[in-house]
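Notes to accompany the following structure.
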Amino acid sequence: MTARIVRAGGFAAALLGLWILCVSALAAQDVPGVDMALWQDVANRAEEAVDDPDTENETLEVLRSRLADFREDFNDARSVNSDRIASLRDQLAALGQAPADSADGSTPSQNDAAPEAADVAAQRKELEAQLATLTAPVTRADAAYTRADGLIGEIDSILRARQTEALLEVIESPLNPVYWPQAMAELVYAVEELWDTDRTEEEREAQAELLRKNLPIILLATVAGLVLILRGRKWSTLIVARLRRAETRGLGVWRFVVSLLRIALPFVGLTLLSFAAIRSGYLGSRGDEIATMIPILGGIILGFRWVSEQLFARDEDEALLQLSDSDRRSARWLVSLITVMIIADAILRITLELDEASAAARTVVSFPFTVVMCYALFRIGQLLRRFGAEVVQDEDEEITRASTLARVVRSLGTGALLVAVAAPLLQAAGYENAADFFLFPFIATLIILGLVLALQRFSADVYGAVTGQGSAAREALMPIVFGMVLLMVAAPALALIWGARVSDLTEIWAAFQRGFAIGTTRISPTDFLTFALIFIAGYLLTRLAQGALKTNVLPKTKIDKGGQNAIVSGLGYIGIFLAALLAITGAGIDLSSLAIVAGALSVGIGFGLQNIVSNFVSGIILLIERPISEGDWIEVSGGQMGYVRDISVRSTRIETFDRTDVIVPNADLVSGTVTNYTRGNTLGRVIIPVGVAYGTDTKRVEAILKEIADAQPMALANPAPAVLFLNFGADALEFEIRMFLRDVNWMMPVKSDVNHAIAARFAEEGIEIPFAQRDVWLRNPEVLRQDGGKDTATPATAEPDSQQQTDPSDAARPDTGEMT
């Protein structure tokens, strides 16, 4: 009966689960937050565009952008209900493994397997149905994400292949004289078309009327533009000169800001001239387009010139690249020449493109400008190759930094020489696109890197003005950090210059935002930011609590200084551990997937870090047991003696009496022998030996020494100082003064004072303090010979203070020296 009930309950649960699965299958047709119909349409059109070789690049870029948007939506949908899904999986894991169904249809009793309870089976089916309902949209989002990512990859491959084909496209050589007449004719025709001459009489009258109406504005804009162009640079120079005479604080900052007027004022003037030309109405549609481009092209000229003036400044102290005056002057002129050639080439190319001129005409017209630009670039490369040639590697830090910059600049100079030679040769061979690909991006790279150097100098000047360091801040560490940040900011611009598409950069940024996966856990930059913020907050709170304990709470207790330091250090370790734990939990980083890797590496790490771990554990023991504390006078194995100044987690710092620091591993303090002279109290005994000459009244000496010891203010009265007559020494009668001091740290000064008192009192009492004496007798002096081999029979007696003694065995040895 029970078996029937169990089978009936299981059947009902199976029907319920089947019904829920059907409902979930219908509900899983859509991904939350995504228009699936629109997605299918975009995906199908993208597949058709990829298969069609005639699809234009612009169409592929638009489709790719829409696919990227859908991909981000699908990526977000992959984490929908993640907490609920994890909870359901945990509940299923808590129910245990489901019993396996019998393959032959026999009853559980026949297979010796206990059936699962009906309520447990029903709960399992319900949880599985809920899990299927929740994971269905995630599964569909995963599939759509994979499809979108694959289509994006195919579009990127097609666009890169087309870029390569365009780069290697062969155009007519500009050196072929056959194309010269055609190119000149097309150029003349394109220039003539800039002015709209095909106008009726009514249109001319209307144009003249418009000119008369706008004449005041046109004249005002023209005059203002010319003034700003002609006088703007001079005004900015005068402002800088006045700031220098006034010795303004942060002169470098103000000089940089004012130097920007050399760009801003002429740029405004060009804009006014362009406005006046357009308002005249005589240029025509094409002329208006050219006039609109004038401020942009002029801004490029001004920007290039401003960067060259920062790199090769007239003032040697302000030049970013230290070259000779003539080289800097040549470099500024060459940059201006390149800029003028770029602008002239760009205007002519735009003019020809507006008239849809042939490729042969464009390459013939642009080739002379390419040659002039390459000549100027070649000369700049030669100048850059000279930079830092006199700097020699040395141990000095400043010279090393200069040499590093010199190597970079000389490398750029070498690249300039190569590009200057290769670009005209490529264009002469018909590879105009390849020549443009190397020439213009390289020039733009030099300008951007020069701008980075100028902005780094500006950041150093700002830092110096804020901190009060002045120009000395240029050699500090922070400007280097600013330079690294500026290089990171300039990296996308350099990538775009060298052919990277905006979509390539957005793809990198999207991959960076998605993070990386470790097992089933995906870690994104947001997780890192959350981790850093929580950990920093916990660390600051820990330091704040340590400071409050150390300065406000613990000094009011009866805990000794060593105990206070132990409590503060222990709180720091616990706080940092809890901060790291909370940061990991708050960031949602699941470290369970690292358990296998950590287990595999634990053995190797254990062997490699066993000393560090041993010192760490020993440091914890020292902080808990406190056999030594900060400020204790200790002596460790090896004879090192001094005061404990710091107990860290790995080692202990001891300051010796020579004012040198000795770093002792904590494991040596725990396992070795340590003598602590001041542990618990500062009482200590000092022993002072004294010797007097034979024949002195010993009782009198003992009384004198006792008086001196009792008079010492640092000596304790209980136990009282003691004077002991110890030995009949070889040279003196030996006494010792033994007394306990209130503070053993005063041992050496007390010993010195007592010795002074003994010397003074013995001198008054006429008591002699003997010194060591030795008499040296030579046995068998006849063996000693002088000049002529004559024997000497006179015994030699050493001086009373001599420390030499003759070994009797030396009598049998001949003397090779002379005796006087």
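We label chains A, B, ... in the order they appear in the structure tokens, count residues from 1 in each chain, and number ligands from 1 in the order shown.
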
Quiz prompt | Asp41 (chain A) environment, 12 Å, only C-alpha atoms, sequence neighbours closer than 5 positions dropped, as a PyMOL selection string | solution = chain A and resi 35-36+46-48+63+66-67+70

Exercise. Going by DSSP on the backbone, which bits of region 379-537 of chain A are helix (DSSP H, G or I)? Write them as number ranges by chain, please.
Key: A: 379-386, 397-428, 432-467, 470-475, 478-497, 502-514, 525-537

Need the shell around Ser651 (chain A): protein/DNA/RNA residues with any atom at most 6 Å away, counting only C-alpha atoms. Skip same-chain ones fewer than 3 positions apart. Format as a PDB file with all heavy atoms, in the first residue's frame?
ATOM      1  N   SER A 648      57.120  44.111  14.464  1.00  0.00           N
ATOM      2  CA  SER A 648      56.211  43.978  13.337  1.00  0.00           C
ATOM      3  C   SER A 648      55.804  42.528  13.185  1.00  0.00           C
ATOM      4  O   SER A 648      56.180  41.666  13.984  1.00  0.00           O
ATOM      5  CB  SER A 648      56.868  44.495  12.051  1.00  0.00           C
ATOM      6  OG  SER A 648      57.988  43.720  11.718  1.00  0.00           O
ATOM      7  N   VAL A 664      65.877  41.646  13.555  1.00  0.00           N
ATOM      8  CA  VAL A 664      65.949  40.266  14.025  1.00  0.00           C
ATOM      9  C   VAL A 664      64.654  39.562  13.643  1.00  0.00           C
ATOM     10  O   VAL A 664      63.561  40.048  13.990  1.00  0.00           O
ATOM     11  CB  VAL A 664      66.155  40.213  15.555  1.00  0.00           C
ATOM     12  CG1 VAL A 664      66.249  38.772  16.029  1.00  0.00           C
ATOM     13  CG2 VAL A 664      67.403  40.993  15.943  1.00  0.00           C
ATOM     14  N   PRO A 665      64.704  38.434  12.912  1.00  0.00           N
ATOM     15  CA  PRO A 665      63.472  37.699  12.618  1.00  0.00           C
ATOM     16  C   PRO A 665      62.784  37.260  13.911  1.00  0.00           C
ATOM     17  O   PRO A 665      63.431  36.878  14.889  1.00  0.00           O
ATOM     18  CB  PRO A 665      63.952  36.499  11.789  1.00  0.00           C
ATOM     19  CG  PRO A 665      65.276  36.923  11.240  1.00  0.00           C
ATOM     20  CD  PRO A 665      65.875  37.832  12.265  1.00  0.00           C
ATOM     21  N   ASN A 666      61.464  37.297  13.906  1.00  0.00           N
ATOM     22  CA  ASN A 666      60.713  36.950  15.104  1.00  0.00           C
ATOM     23  C   ASN A 666      60.922  35.502  15.520  1.00  0.00           C
ATOM     24  O   ASN A 666      60.849  35.172  16.712  1.00  0.00           O
ATOM     25  CB  ASN A 666      59.222  37.208  14.881  1.00  0.00           C
ATOM     26  CG  ASN A 666      58.906  38.684  14.808  1.00  0.00           C
ATOM     27  OD1 ASN A 666      59.613  39.493  15.405  1.00  0.00           O
ATOM     28  ND2 ASN A 666      57.872  39.046  14.076  1.00  0.00           N
TER      29      ASN A 666
END

Exercise. Name all residues at most 12 Å from Asp697 (chain A) (count only C-alpha atoms; drop same-chain ones fewer than 5 positions away) and give them as a list in words.
Key: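 The neighbour list is Val692, Glu702, Ala703, Ile704, Phe725, Leu733, Glu765, Gly766, Ile767 and Glu768 of chain A.
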
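Those residues that approach region 431-436 of chain A to within 8 Å, counting only C-alpha atoms, are Ala166, Leu167, Leu168, Glu169, Val170, Ile171, Thr363, Ala422, Ala423 and Pro424 of chain A; same-chain residues fewer than 6 positions away are not listed.
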
Practice problem: Between CA of Thr135 (chain A) and CA of Leu582 (chain A), measure the distance and give it in Å to one decimal. | Solution: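 Calculated distance between CA of Thr135 (chain A) and CA of Leu582 (chain A) is 29.2 Å.
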
Exercise. Figure out the distance between CA of Tyr539 (chain A) and CA of Gln513 (chain A), please, to one decimal in Å.
Key: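 The value is 26.5 Å.
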